[in-house]
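*Asks:* Here you go, upload17.cif (mmCIF, C-alpha atoms and all ligand atoms):
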```
data_work
#
loop_
_atom_site.label_atom_id
_atom_site.label_comp_id
_atom_site.auth_asym_id
_atom_site.auth_seq_id
_atom_site.Cartn_x
_atom_site.Cartn_y
_atom_site.Cartn_z
CA MET L 27 31.04 3.54 -5.77
CA ALA L 28 33.74 1.12 -4.64
CA ASN L 29 34.50 1.25 -0.87
CA ALA L 30 31.79 3.86 -0.22
CA THR L 31 29.60 3.46 2.86
CA MET L 32 25.99 4.32 3.54
CA LYS L 33 23.57 4.57 6.43
CA VAL L 34 20.77 2.06 6.98
CA TRP L 35 18.20 1.46 9.72
CA GLN L 36 18.33 -2.14 10.83
CA LEU L 37 16.83 -4.51 13.37
CA PRO L 38 19.22 -6.79 15.28
CA ALA L 39 16.03 -8.26 16.83
CA PHE L 40 12.28 -7.63 16.44
CA GLY L 41 10.74 -4.57 18.17
CA LEU L 42 10.60 -0.87 17.23
CA ASN L 43 12.93 -0.01 20.14
CA ASN L 44 15.59 -2.22 18.58
CA LEU L 45 15.66 -0.25 15.32
CA VAL L 46 19.16 1.30 15.05
CA MET L 47 21.06 3.30 12.46
CA ALA L 48 24.15 1.48 11.16
CA GLU L 49 26.82 1.93 8.53
CA ARG L 50 27.26 -0.60 5.72
CA PRO L 51 29.15 -0.70 2.43
CA VAL L 52 27.17 0.66 -0.52
CA PRO L 53 26.06 -2.50 -2.38
CA VAL L 54 27.51 -3.24 -5.82
CA PRO L 55 25.02 -4.10 -8.59
CA GLY L 56 25.65 -7.54 -10.12
CA PRO L 57 24.55 -8.70 -13.57
CA GLY L 58 20.92 -7.70 -14.21
CA GLU L 59 20.84 -5.42 -11.15
CA VAL L 60 20.56 -1.66 -10.63
CA LEU L 61 21.95 0.43 -7.76
CA ILE L 62 19.39 2.99 -6.56
CA LYS L 63 20.00 6.09 -4.48
CA VAL L 64 16.88 6.13 -2.33
CA GLY L 65 15.06 9.47 -2.33
CA ALA L 66 12.19 8.59 0.00
CA VAL L 67 10.50 5.64 1.65
CA SER L 68 6.90 5.39 2.73
CA LEU L 69 5.55 3.48 5.73
CA ASN L 70 2.76 0.94 5.57
CA TYR L 71 0.82 -0.71 8.37
CA ARG L 72 2.60 -3.95 7.40
CA ASP L 73 6.02 -2.40 8.17
CA LYS L 74 4.91 -1.98 11.78
CA LEU L 75 3.84 -5.65 11.90
CA VAL L 76 7.13 -6.80 10.33
CA VAL L 77 9.23 -4.68 12.72
CA ASN L 78 7.35 -6.14 15.69
CA GLY L 79 7.69 -9.72 14.42
CA GLN L 80 3.92 -10.09 13.92
CA LEU L 81 3.60 -10.78 10.20
CA LEU L 82 6.12 -13.13 8.64
CA PRO L 83 5.73 -16.88 9.15
CA GLU L 84 9.55 -17.29 9.23
CA PRO L 85 11.82 -14.63 10.82
CA PRO L 86 14.11 -12.95 8.25
CA ALA L 87 17.90 -12.97 8.60
CA MET L 88 19.04 -10.44 11.24
CA PRO L 89 20.15 -7.68 11.25
CA PHE L 90 17.18 -6.92 9.03
CA VAL L 91 16.47 -3.68 7.12
CA PRO L 92 12.68 -3.12 7.14
CA VAL L 93 10.21 -1.10 4.95
CA SER L 94 8.74 -2.11 1.59
CA ASP L 95 8.16 1.15 -0.31
CA MET L 96 10.87 3.21 -1.98
CA ALA L 97 11.40 5.74 -4.77
CA GLY L 98 14.79 6.92 -5.92
CA GLU L 99 17.23 7.27 -8.79
CA VAL L 100 19.31 4.65 -10.59
CA VAL L 101 22.96 5.63 -10.11
CA GLU L 102 24.72 2.55 -11.49
CA VAL L 103 23.72 -0.49 -13.54
CA GLY L 104 25.24 -3.97 -13.63
CA GLN L 105 26.06 -5.92 -16.77
CA GLN L 106 23.22 -6.96 -19.10
CA VAL L 107 20.79 -4.37 -17.72
CA SER L 108 18.49 -3.19 -20.49
CA ARG L 109 15.38 -1.75 -18.82
CA PHE L 110 17.06 1.20 -17.05
CA ARG L 111 20.13 3.42 -17.10
CA ALA L 112 21.78 5.81 -14.65
CA GLY L 113 19.58 8.85 -14.02
CA ASP L 114 16.25 7.01 -14.37
CA ARG L 115 13.80 7.49 -11.53
CA VAL L 116 12.33 4.23 -10.22
CA MET L 117 10.29 2.55 -7.49
CA GLY L 118 10.43 -1.10 -6.36
CA ASN L 119 7.67 -3.63 -6.99
CA PHE L 120 6.66 -5.22 -3.66
CA TRP L 121 6.24 -8.80 -4.99
CA THR L 122 9.62 -9.18 -6.63
CA GLN L 123 8.74 -12.08 -8.94
CA TRP L 124 5.16 -11.24 -9.83
CA ILE L 125 5.29 -9.66 -13.27
CA ASP L 126 1.84 -10.49 -14.66
CA GLY L 127 -0.83 -13.22 -14.63
CA GLU L 128 -0.78 -15.65 -11.71
CA PRO L 129 2.07 -15.30 -9.17
CA PRO L 130 4.67 -17.96 -8.36
CA GLN L 131 3.67 -20.50 -5.68
CA ALA L 132 6.22 -19.09 -3.21
CA MET L 133 4.03 -15.99 -2.88
CA LEU L 134 1.34 -18.04 -1.17
CA LYS L 135 3.74 -18.62 1.73
CA HIS L 136 4.60 -14.91 1.97
CA GLY L 137 7.97 -15.22 0.23
CA LEU L 138 9.59 -12.85 -2.24
CA SER L 139 8.38 -9.47 -0.97
CA LEU L 140 10.51 -6.40 -0.30
CA GLY L 141 10.73 -5.33 3.35
CA GLY L 142 10.19 -8.84 4.69
CA PRO L 143 11.14 -11.55 4.13
CA LEU L 144 13.48 -9.95 1.54
CA PRO L 145 15.62 -7.03 2.77
CA GLY L 146 13.82 -3.68 2.89
CA MET L 147 14.36 -0.16 1.63
CA LEU L 148 15.25 1.87 4.75
CA ALA L 149 18.76 2.58 3.45
CA GLN L 150 20.50 5.32 1.50
CA TYR L 151 21.20 2.89 -1.37
CA VAL L 152 19.55 -0.37 -2.41
CA VAL L 153 20.17 -2.89 -5.17
CA LEU L 154 17.24 -4.42 -7.07
CA THR L 155 17.12 -6.67 -10.09
CA GLU L 156 15.98 -4.60 -13.04
CA GLU L 157 12.78 -6.68 -13.31
CA VAL L 158 11.68 -5.38 -9.90
CA ALA L 159 12.22 -1.71 -10.72
CA VAL L 160 9.33 0.30 -12.16
CA ALA L 161 9.64 3.76 -13.76
CA THR L 162 8.34 6.63 -11.61
CA PRO L 163 5.55 8.80 -13.11
CA ALA L 164 7.37 12.00 -14.13
CA PRO L 165 5.09 14.50 -12.35
CA LEU L 166 5.59 12.88 -8.93
CA SER L 167 8.38 13.71 -6.46
CA ASP L 168 10.14 10.81 -4.73
CA GLU L 169 8.08 11.51 -1.57
CA GLN L 170 4.90 11.16 -3.62
CA ALA L 171 6.09 8.17 -5.67
CA ALA L 172 7.25 6.22 -2.60
CA THR L 173 3.58 5.95 -1.59
CA LEU L 174 2.65 3.93 -4.68
CA PRO L 175 4.17 0.40 -4.53
CA VAL L 176 2.03 -1.04 -1.72
CA ALA L 177 -0.89 1.25 -0.84
CA ALA L 178 -1.81 2.59 -4.28
CA LEU L 179 -1.22 -0.68 -6.14
CA THR L 180 -3.35 -2.60 -3.63
CA ALA L 181 -6.29 -0.23 -4.13
CA TRP L 182 -5.78 -0.22 -7.92
CA PHE L 183 -5.50 -3.99 -8.14
CA ALA L 184 -8.74 -4.46 -6.19
CA LEU L 185 -10.80 -1.82 -7.96
CA VAL L 186 -9.47 -1.91 -11.50
CA GLU L 187 -7.44 -5.07 -12.21
CA ALA L 188 -9.77 -7.44 -10.33
CA GLY L 189 -12.86 -5.24 -9.87
CA ARG L 190 -13.18 -3.77 -13.39
CA LEU L 191 -14.64 -0.62 -11.83
CA GLY L 192 -16.84 1.38 -14.18
CA GLU L 193 -18.09 4.93 -14.34
CA GLY L 194 -21.16 5.57 -12.19
CA GLN L 195 -20.55 2.64 -9.82
CA THR L 196 -20.25 3.22 -6.07
CA VAL L 197 -17.20 2.25 -4.02
CA LEU L 198 -16.97 2.11 -0.24
CA VAL L 199 -13.55 2.47 1.41
CA GLN L 200 -12.95 1.95 5.14
CA GLY L 201 -10.91 4.40 7.21
CA THR L 202 -8.68 7.17 5.92
CA GLY L 203 -5.35 5.34 5.79
CA GLY L 204 -3.06 4.92 2.80
CA VAL L 205 -4.90 2.18 0.88
CA SER L 206 -8.36 3.66 1.42
CA LEU L 207 -7.45 7.17 0.30
CA PHE L 208 -5.83 5.81 -2.85
CA GLY L 209 -8.99 3.76 -3.40
CA MET L 210 -10.99 6.96 -3.06
CA GLN L 211 -8.78 8.94 -5.46
CA ILE L 212 -8.61 6.19 -8.09
CA ALA L 213 -12.36 5.54 -8.00
CA HIS L 214 -13.14 9.26 -8.15
CA ALA L 215 -10.80 9.73 -11.12
CA LEU L 216 -12.55 6.87 -12.95
CA GLY L 217 -15.96 8.48 -12.50
CA ALA L 218 -17.24 6.32 -9.62
CA ARG L 219 -18.92 7.65 -6.46
CA VAL L 220 -17.04 7.01 -3.22
CA ILE L 221 -18.32 6.55 0.32
CA VAL L 222 -15.65 6.80 3.02
CA THR L 223 -16.07 5.48 6.56
CA SER L 224 -14.02 6.85 9.45
CA HIS L 225 -13.93 7.28 13.21
CA SER L 226 -13.51 11.01 12.74
CA ASP L 227 -15.85 13.71 11.37
CA GLU L 228 -12.86 15.91 10.72
CA LYS L 229 -11.22 13.24 8.54
CA LEU L 230 -14.52 12.70 6.71
CA GLU L 231 -14.71 16.40 5.89
CA HIS L 232 -11.16 16.24 4.63
CA ALA L 233 -12.01 13.20 2.47
CA LYS L 234 -15.03 15.02 1.00
CA ALA L 235 -12.80 17.95 0.08
CA LEU L 236 -10.69 15.42 -1.88
CA GLY L 237 -13.66 14.03 -3.79
CA ALA L 238 -15.54 11.61 -1.51
CA TRP L 239 -19.25 11.59 -2.36
CA GLY L 240 -20.44 10.37 1.04
CA GLY L 241 -19.00 9.88 4.53
CA ILE L 242 -20.12 7.77 7.49
CA ASN L 243 -18.78 8.10 11.02
CA THR L 244 -18.63 4.48 12.21
CA SER L 245 -18.30 5.49 15.89
CA GLU L 246 -21.58 7.34 15.61
CA TYR L 247 -23.24 4.68 13.40
CA PRO L 248 -21.95 1.19 14.28
CA ALA L 249 -24.63 -0.24 11.92
CA TRP L 250 -23.06 1.78 9.12
CA GLY L 251 -23.88 -0.79 6.39
CA GLU L 252 -27.52 0.26 6.51
CA ILE L 253 -26.56 3.94 6.19
CA ALA L 254 -24.41 3.18 3.13
CA ASN L 255 -27.33 1.31 1.62
CA LYS L 256 -29.65 4.28 2.24
CA LEU L 257 -27.13 6.70 0.73
CA THR L 258 -27.35 4.72 -2.50
CA ALA L 259 -31.17 4.77 -2.39
CA GLY L 260 -31.25 1.06 -1.57
CA GLU L 261 -29.18 -0.02 -4.55
CA GLY L 262 -26.07 -0.77 -2.49
CA VAL L 263 -22.43 -0.24 -3.37
CA SER L 264 -20.62 -2.22 -6.06
CA HIS L 265 -17.15 -2.48 -4.47
CA VAL L 266 -16.02 -2.51 -0.83
CA LEU L 267 -12.37 -2.23 0.21
CA GLU L 268 -12.46 -4.23 3.45
CA MET L 269 -9.73 -3.07 5.85
CA ILE L 270 -10.95 -4.28 9.21
CA GLY L 271 -12.06 -7.94 9.15
CA GLY L 272 -13.99 -9.86 11.82
CA ASP L 273 -17.65 -8.89 12.22
CA ASN L 274 -17.07 -5.75 10.15
CA LEU L 275 -17.75 -7.95 7.10
CA GLY L 276 -21.38 -8.12 8.26
CA GLN L 277 -21.66 -4.35 7.73
CA SER L 278 -19.78 -4.51 4.45
CA ILE L 279 -22.25 -7.04 3.07
CA GLU L 280 -25.15 -4.95 4.33
CA ALA L 281 -23.77 -2.03 2.28
CA LEU L 282 -23.29 -4.19 -0.83
CA GLY L 283 -25.62 -4.27 -3.84
CA ALA L 284 -26.49 -7.18 -6.15
CA ALA L 285 -23.42 -9.03 -7.50
CA GLY L 286 -21.21 -6.64 -5.52
CA ARG L 287 -17.67 -7.43 -4.48
CA ILE L 288 -15.86 -7.20 -1.18
CA PHE L 289 -12.08 -7.03 -1.50
CA GLN L 290 -10.44 -8.37 1.65
CA ILE L 291 -7.36 -6.19 2.08
CA GLY L 292 -6.74 -5.51 5.76
CA PHE L 293 -7.22 -6.99 9.19
CA LEU L 294 -6.99 -3.86 11.32
CA GLY L 295 -9.59 -5.24 13.70
CA ASP L 296 -9.43 -9.02 13.39
CA LYS L 297 -7.37 -11.63 11.49
CA GLU L 298 -10.48 -13.78 10.97
CA VAL L 299 -13.44 -12.84 8.80
CA ARG L 300 -17.09 -13.62 9.62
CA LEU L 301 -20.04 -12.86 7.39
CA PRO L 302 -23.64 -13.98 7.10
CA ALA L 303 -23.84 -16.70 4.41
CA LEU L 304 -27.41 -15.91 3.39
CA SER L 305 -26.67 -12.21 2.76
CA LEU L 306 -23.71 -13.26 0.59
CA MET L 307 -25.85 -15.73 -1.35
CA LEU L 308 -28.89 -13.50 -1.87
CA ARG L 309 -26.67 -10.78 -3.30
CA ARG L 310 -24.66 -13.27 -5.38
CA ALA L 311 -21.74 -11.37 -3.92
CA THR L 312 -18.02 -12.12 -4.20
CA LEU L 313 -15.44 -11.99 -1.43
CA GLN L 314 -11.97 -11.76 -2.96
CA GLY L 315 -8.58 -11.58 -1.25
CA VAL L 316 -6.08 -9.01 -2.51
CA SER L 317 -2.33 -9.15 -2.10
CA VAL L 318 -0.83 -5.91 -3.49
CA GLY L 319 -0.32 -6.60 -7.21
CA HIS L 320 1.90 -7.47 -10.14
CA ARG L 321 4.27 -5.25 -12.07
CA ARG L 322 2.07 -4.96 -15.14
CA ALA L 323 -0.79 -3.58 -13.04
CA PHE L 324 1.69 -1.22 -11.33
CA GLU L 325 2.72 0.13 -14.74
CA ASP L 326 -0.93 0.45 -15.86
CA MET L 327 -1.71 2.32 -12.65
CA ASN L 328 1.19 4.73 -13.14
CA ARG L 329 -0.12 5.68 -16.56
CA ALA L 330 -3.56 6.34 -15.03
CA ILE L 331 -2.01 8.39 -12.20
CA ASP L 332 -0.23 10.46 -14.82
CA ARG L 333 -3.31 10.79 -17.04
CA HIS L 334 -5.67 11.81 -14.22
CA GLY L 335 -3.13 13.94 -12.35
CA ILE L 336 -3.61 11.96 -9.11
CA LYS L 337 -1.45 13.35 -6.29
CA PRO L 338 -0.93 11.00 -3.32
CA VAL L 339 -2.25 12.25 0.02
CA ILE L 340 0.72 12.68 2.33
CA ASP L 341 0.08 13.01 6.05
CA SER L 342 3.63 13.85 7.12
CA VAL L 343 7.29 13.73 6.02
CA PHE L 344 10.06 12.83 8.49
CA ALA L 345 13.84 13.13 8.17
CA PHE L 346 15.98 9.96 7.86
CA ALA L 347 17.13 10.44 11.46
CA GLU L 348 13.49 10.49 12.68
CA VAL L 349 12.43 6.97 11.71
CA ARG L 350 11.05 6.11 15.14
CA ALA L 351 8.89 9.26 15.19
CA ALA L 352 7.58 8.29 11.74
CA PHE L 353 6.52 4.86 13.06
CA ASP L 354 4.87 6.59 16.05
CA ARG L 355 2.88 8.75 13.62
CA LEU L 356 1.71 5.61 11.82
CA GLU L 357 0.39 4.37 15.16
CA GLN L 358 -1.68 7.54 15.65
CA GLY L 359 -3.92 6.95 12.60
CA PRO L 360 -2.55 9.32 9.96
CA PHE L 361 -4.69 10.82 7.19
CA GLY L 362 -2.84 9.39 4.17
CA LYS L 363 0.80 8.35 3.96
CA VAL L 364 3.72 8.78 6.34
CA GLU L 365 6.99 9.46 4.48
CA ILE L 366 10.67 9.44 5.33
CA GLN L 367 12.95 11.60 3.23
CA VAL L 368 16.18 9.64 2.74
CA SER L 369 18.15 11.97 0.48
CA GLU L 370 17.61 15.49 -0.88
N1 LIG A 1 -3.80 -7.08 1.21
C1 LIG A 1 -2.87 -6.24 0.83
O1 LIG A 1 -2.25 -6.38 -0.22
C2 LIG A 1 -2.59 -5.05 1.68
C3 LIG A 1 -1.81 -3.98 1.20
C4 LIG A 1 -1.66 -2.84 1.99
C5 LIG A 1 -2.26 -2.80 3.26
N2 LIG A 1 -2.96 -3.87 3.70
C6 LIG A 1 -3.64 -3.85 5.00
O2 LIG A 1 -4.68 -2.88 4.90
C7 LIG A 1 -4.91 -2.28 6.16
C8 LIG A 1 -4.79 -0.77 6.04
O3 LIG A 1 -3.46 -0.47 5.67
P1 LIG A 1 -2.97 1.03 5.52
O4 LIG A 1 -1.50 0.97 5.26
O5 LIG A 1 -3.85 1.76 4.57
O6 LIG A 1 -3.24 1.56 7.01
P2 LIG A 1 -3.03 2.96 7.65
O7 LIG A 1 -2.53 3.93 6.63
O8 LIG A 1 -2.26 2.75 8.91
O9 LIG A 1 -4.54 3.44 8.00
C9 LIG A 1 -5.40 2.79 8.82
C10 LIG A 1 -6.69 3.62 9.01
O10 LIG A 1 -7.74 2.73 9.26
C11 LIG A 1 -8.56 3.19 10.33
N3 LIG A 1 -8.40 2.22 11.45
C12 LIG A 1 -7.30 1.91 12.15
N4 LIG A 1 -7.53 0.91 13.02
C13 LIG A 1 -8.82 0.59 12.87
C14 LIG A 1 -9.66 -0.37 13.51
N5 LIG A 1 -9.22 -1.20 14.46
N6 LIG A 1 -10.93 -0.44 13.11
C15 LIG A 1 -11.38 0.38 12.17
N7 LIG A 1 -10.62 1.30 11.51
C16 LIG A 1 -9.35 1.40 11.88
C17 LIG A 1 -8.08 4.58 10.70
O11 LIG A 1 -8.84 5.51 9.91
P3 LIG A 1 -9.91 6.48 10.59
O12 LIG A 1 -9.21 7.20 11.70
O13 LIG A 1 -10.35 7.37 9.48
O14 LIG A 1 -11.04 5.62 11.10
C18 LIG A 1 -6.61 4.55 10.22
O15 LIG A 1 -6.14 5.81 9.88
C19 LIG A 1 -3.90 -2.93 7.10
O16 LIG A 1 -4.51 -4.02 7.75
C20 LIG A 1 -2.81 -3.44 6.18
O17 LIG A 1 -2.09 -4.52 6.72
C21 LIG A 1 -3.12 -4.99 2.94
#
```
Can you give me the file's structure in the form of structure tokens?
Ligand SMILES: NC(=O)c1ccc[n+]([C@@H]2O[C@H](COP(=O)([O-])OP(=O)(O)OC[C@H]3O[C@@H](n4cnc5c(N)ncnc54)[C@H](OP(=O)(O)O)[C@@H]3O)[C@@H](O)[C@H]2O)c1

*Replies:*
Amino acid sequence: MANATMKVWQLPAFGLNNLVMAERPVPVPGPGEVLIKVGAVSLNYRDKLVVNGQLLPEPPAMPFVPVSDMAGEVVEVGQQVSRFRAGDRVMGNFWTQWIDGEPPQAMLKHGLSLGGPLPGMLAQYVVLTEEVAVATPAPLSDEQAATLPVAALTAWFALVEAGRLGEGQTVLVQGTGGVSLFGMQIAHALGARVIVTSHSDEKLEHAKALGAWGGINTSEYPAWGEIANKLTAGEGVSHVLEMIGGDNLGQSIEALGAAGRIFQIGFLGDKEVRLPALSLMLRRATLQGVSVGHRRAFEDMNRAIDRHGIKPVIDSVFAFAEVRAAFDRLEQGPFGKVEIQVSE
């Protein structure tokens, strides 16, 4: 595609109002790299933080192309590429150098991730090294597949890779955003019971229609941990996906059963976490941080998505020209994922 140009959305400076569409040359894949025609990108809460300059310890090089999640089609491969060929459908793995096992040290300082600090996916074409690309599950469209790299893998990594979730256990997910709804769908598919918390009765009804076993409106019941405990007849839940932080951990531990696990994923309410030490000790509970996941877990998850016929919950799909409206939708508390269609 020599001399061809493409459209990208880029930030000359932090702030959603600074996001502008620009024209750039289509990148050329070097040795070990693949050129991908982006079909769709999906927005995550982190994209909003990156765009507003609120997440990365060091600012990325400007102008910066944001957004971590992408699904598309390989259209050209560089020399020595062996994992993929033109025509293959792929997604990008968020942590670009985390293949399996323990991640490289640079990850601890928030390096090496797509969509900040590394360039993001909000472009008609992107180049990735072949090690970062992951095959798309065949039954999913690009809009559906673009939801997987961050939100789905985070929920999968917590519940399955780290949490070894088993049939008959009870999972509690907080809110009805991207990560939580994937947590609900994955747990349900694996035969676990799922309690969803939300600010909205309407969203809770919607979650129940998708397989949630219980729902708690946290506006109505601020001491919702006790309610979750009662729902499980006093046994408590085995896994909590913690999205909020701060004092919310006090409720999460109240909901938790013996030897249960809280997976610290989000900080929607507070960047600090506070929890009662005695409650943690008496339950012999574990609090574990989660940071998306490695490529091997991503590939395991895709097989499970295929096997169980899991279809991502999509709140809305926006055109490539409507990127700002898509970010506005993210702000409103969508039910599931917000998508941007990049090419037909
Ligand atoms: N650690 C990781 O690897 C990782 C990966 C992905 C995301 N995250 C983090 O996980 C969190 C959720 O991400 P997401 O992409 O799933 O978010 P999202 O799709 O934007 O959904 C957030 C949902 O949470 C609820 N909510 C929003 N603000 C809240 C608040 N202050 N208190 C309580 N509930 C609130 C709302 O649900 P209701 O209206 O139903 O209440 C909202 O729809 C974010 O903090 C994000 O940064 C972390």

*Asks:* Hey, which residues come within 8 Å of ligand LIG 1 (chain A) if we count only C-alpha atoms and all ligand atoms? Could you give them as JSON, numbers by chain?

*Replies:* {"L": [69, 70, 71, 72, 75, 176, 177, 180, 181, 200, 201, 202, 203, 204, 205, 206, 207, 223, 224, 225, 226, 229, 230, 244, 269, 270, 290, 291, 292, 293, 294, 295, 296, 315, 316, 317, 318, 319, 356, 357, 358, 359, 360, 361, 362, 363, 364]}

*Asks:* Select, from L:Arg321, L:Arg355, L:Arg350, L:Lys74, the residue with the minimum atom-to-atom distance to Met117 (chain L), counting all atoms listed in the file.

*Replies:*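 The shortest atom-to-atom distance to Met117 (chain L) comes from L:Arg321.
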
*Asks:* My list of candidates is L:Pro55, L:Gly241, L:Val67, L:Ala132. Which is closest to Val343 (chain L) when distances are computed with all atoms listed in the file?

*Replies:*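 Of the candidates, the smallest distance to Val343 (chain L) is held by L:Val67.
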
*Asks:* Identify which of the residues L:Phe324, L:Arg300, L:Met147, L:Thr31 lies closest to Ala178 (chain L), counting all atoms listed in the file when measuring atom-to-atom distances.

*Replies:*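 Residue with the minimum atom-to-atom distance to Ala178 (chain L): L:Phe324.
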
*Asks:* Which residue gives the smallest distance to Pro145 (chain L) among L:Pro89, L:Gly79, L:Gly286, L:Pro51, with all atoms listed in the file counted?

*Replies:*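 Nearest candidate to Pro145 (chain L) out of L:Pro89, L:Gly79, L:Gly286, L:Pro51: L:Pro89.
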
*Asks:* Within 9 Å of region 245-255 of chain L, counting all atoms listed in the file, which residues qualify if same-chain residues fewer than 5 places away don't, as a list of chain:residue names?

*Replies:*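 Counting only the stated atoms, we get L:Leu198, L:Ile221, L:Thr223, L:Ser224, L:His225, L:Ser226, L:Gly240, L:Gly260, L:Glu261, L:Gly262, L:Val263, L:Gly276, L:Gln277, L:Ser278, L:Ile279, L:Glu280, L:Ala281, L:Leu282, L:Gly283.
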
*Asks:* Might you pull out every residue within 7 Å of Val103 (chain L), with all atoms listed in the file counted and same-chain residues fewer than 5 positions away left off, and present them as a VMD selection string?

*Replies:* chain L and resid 55 59 to 61 111 to 112

*Asks:* Would you mind reading off the distance between CA of Asp332 (chain L) and CA of Lys234 (chain L), one decimal, in Å?

*Replies:* 22.1 Å

*Asks:* Quick one: of L:Gly146, L:Gly65, L:Pro92, L:Gly271, who's nearest to Ile288 (chain L), counting all atoms listed in the file?

*Replies:*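 Closest residue, counting all atoms listed in the file: L:Gly271.
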
*Asks:* Might you pull out every residue within 9 Å of Gly118 (chain L), with all atoms listed in the file counted and same-chain residues fewer than 2 positions away left off, and present them as a PyMOL selection string?

*Replies:* chain L and resi 94-97+116+120-122+140+147+154+158-161+172+175

*Asks:* Generate a file of the selected residues that holds C-alpha atoms, formatted as an mmCIF file, keeping the file's coordinate frame.

*Replies:*
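Listing of result-v4.cif after writing:
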```cif
data_model
loop_
_atom_site.group_PDB
_atom_site.id
_atom_site.type_symbol
_atom_site.label_atom_id
_atom_site.label_comp_id
_atom_site.auth_asym_id
_atom_site.auth_seq_id
_atom_site.Cartn_x
_atom_site.Cartn_y
_atom_site.Cartn_z
ATOM 1 C CA SER L 94 8.740 -2.110 1.590
ATOM 2 C CA ASP L 95 8.160 1.150 -0.310
ATOM 3 C CA MET L 96 10.870 3.210 -1.980
ATOM 4 C CA ALA L 97 11.400 5.740 -4.770
ATOM 5 C CA VAL L 116 12.330 4.230 -10.220
ATOM 6 C CA PHE L 120 6.660 -5.220 -3.660
ATOM 7 C CA TRP L 121 6.240 -8.800 -4.990
ATOM 8 C CA THR L 122 9.620 -9.180 -6.630
ATOM 9 C CA LEU L 140 10.510 -6.400 -0.300
ATOM 10 C CA MET L 147 14.360 -0.160 1.630
ATOM 11 C CA LEU L 154 17.240 -4.420 -7.070
ATOM 12 C CA VAL L 158 11.680 -5.380 -9.900
ATOM 13 C CA ALA L 159 12.220 -1.710 -10.720
ATOM 14 C CA VAL L 160 9.330 0.300 -12.160
ATOM 15 C CA ALA L 161 9.640 3.760 -13.760
ATOM 16 C CA ALA L 172 7.250 6.220 -2.600
ATOM 17 C CA PRO L 175 4.170 0.400 -4.530
#
```

*Asks:* Please tell me which residues are no farther than 6 Å from (-10.2, 2.3, -13.9) in the file, counting all atoms listed in the file, and write them as a PDB file with C-alpha atoms, in the coordinates of the input.

*Replies:*
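Dumped to part_31.pdb:
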```
ATOM      1  CA  VAL L 186      -9.470  -1.910 -11.500  1.00  0.00           C
ATOM      2  CA  LEU L 191     -14.640  -0.620 -11.830  1.00  0.00           C
ATOM      3  CA  LEU L 216     -12.550   6.870 -12.950  1.00  0.00           C
TER       4      LEU L 216
END
```

*Asks:* One decimal, in Å: what's the spacing between CA of Asn29 (chain L) and CA of Val52 (chain L)?

*Replies:* 7.4 Å

*Asks:* Since fewer atoms than expected are present, regenerate N, CA, C and O atoms for region 259-267 of chain L and write them as a PDB file, in the frame of the given file.

*Replies:*
```pdb
ATOM      1  N   ALA L 259     -29.730   4.943  -2.134  1.00  0.00           N
ATOM      2  CA  ALA L 259     -31.170   4.770  -2.390  1.00  0.00           C
ATOM      3  C   ALA L 259     -31.549   3.290  -2.490  1.00  0.00           C
ATOM      4  O   ALA L 259     -32.355   2.879  -3.331  1.00  0.00           O
ATOM      5  N   GLY L 260     -30.898   2.477  -1.649  1.00  0.00           N
ATOM      6  CA  GLY L 260     -31.250   1.060  -1.570  1.00  0.00           C
ATOM      7  C   GLY L 260     -30.563   0.171  -2.594  1.00  0.00           C
ATOM      8  O   GLY L 260     -30.676  -1.055  -2.548  1.00  0.00           O
ATOM      9  N   GLU L 261     -29.831   0.772  -3.500  1.00  0.00           N
ATOM     10  CA  GLU L 261     -29.180  -0.020  -4.550  1.00  0.00           C
ATOM     11  C   GLU L 261     -27.940  -0.757  -4.021  1.00  0.00           C
ATOM     12  O   GLU L 261     -27.604  -1.842  -4.475  1.00  0.00           O
ATOM     13  N   GLY L 262     -27.294  -0.169  -3.050  1.00  0.00           N
ATOM     14  CA  GLY L 262     -26.070  -0.770  -2.490  1.00  0.00           C
ATOM     15  C   GLY L 262     -24.848  -0.402  -3.297  1.00  0.00           C
ATOM     16  O   GLY L 262     -24.950   0.049  -4.437  1.00  0.00           O
ATOM     17  N   VAL L 263     -23.683  -0.597  -2.687  1.00  0.00           N
ATOM     18  CA  VAL L 263     -22.430  -0.240  -3.370  1.00  0.00           C
ATOM     19  C   VAL L 263     -21.941  -1.430  -4.190  1.00  0.00           C
ATOM     20  O   VAL L 263     -22.313  -2.571  -3.934  1.00  0.00           O
ATOM     21  N   SER L 264     -21.097  -1.143  -5.176  1.00  0.00           N
ATOM     22  CA  SER L 264     -20.620  -2.220  -6.060  1.00  0.00           C
ATOM     23  C   SER L 264     -19.293  -2.827  -5.577  1.00  0.00           C
ATOM     24  O   SER L 264     -19.002  -3.987  -5.843  1.00  0.00           O
ATOM     25  N   HIS L 265     -18.476  -2.028  -4.901  1.00  0.00           N
ATOM     26  CA  HIS L 265     -17.150  -2.480  -4.470  1.00  0.00           C
ATOM     27  C   HIS L 265     -16.900  -2.001  -3.037  1.00  0.00           C
ATOM     28  O   HIS L 265     -17.118  -0.825  -2.753  1.00  0.00           O
ATOM     29  N   VAL L 266     -16.426  -2.905  -2.191  1.00  0.00           N
ATOM     30  CA  VAL L 266     -16.020  -2.510  -0.830  1.00  0.00           C
ATOM     31  C   VAL L 266     -14.548  -2.862  -0.658  1.00  0.00           C
ATOM     32  O   VAL L 266     -14.133  -3.990  -0.957  1.00  0.00           O
ATOM     33  N   LEU L 267     -13.748  -1.904  -0.186  1.00  0.00           N
ATOM     34  CA  LEU L 267     -12.370  -2.230   0.210  1.00  0.00           C
ATOM     35  C   LEU L 267     -12.408  -2.508   1.706  1.00  0.00           C
ATOM     36  O   LEU L 267     -12.540  -1.589   2.523  1.00  0.00           O
TER      37      LEU L 267
END
```
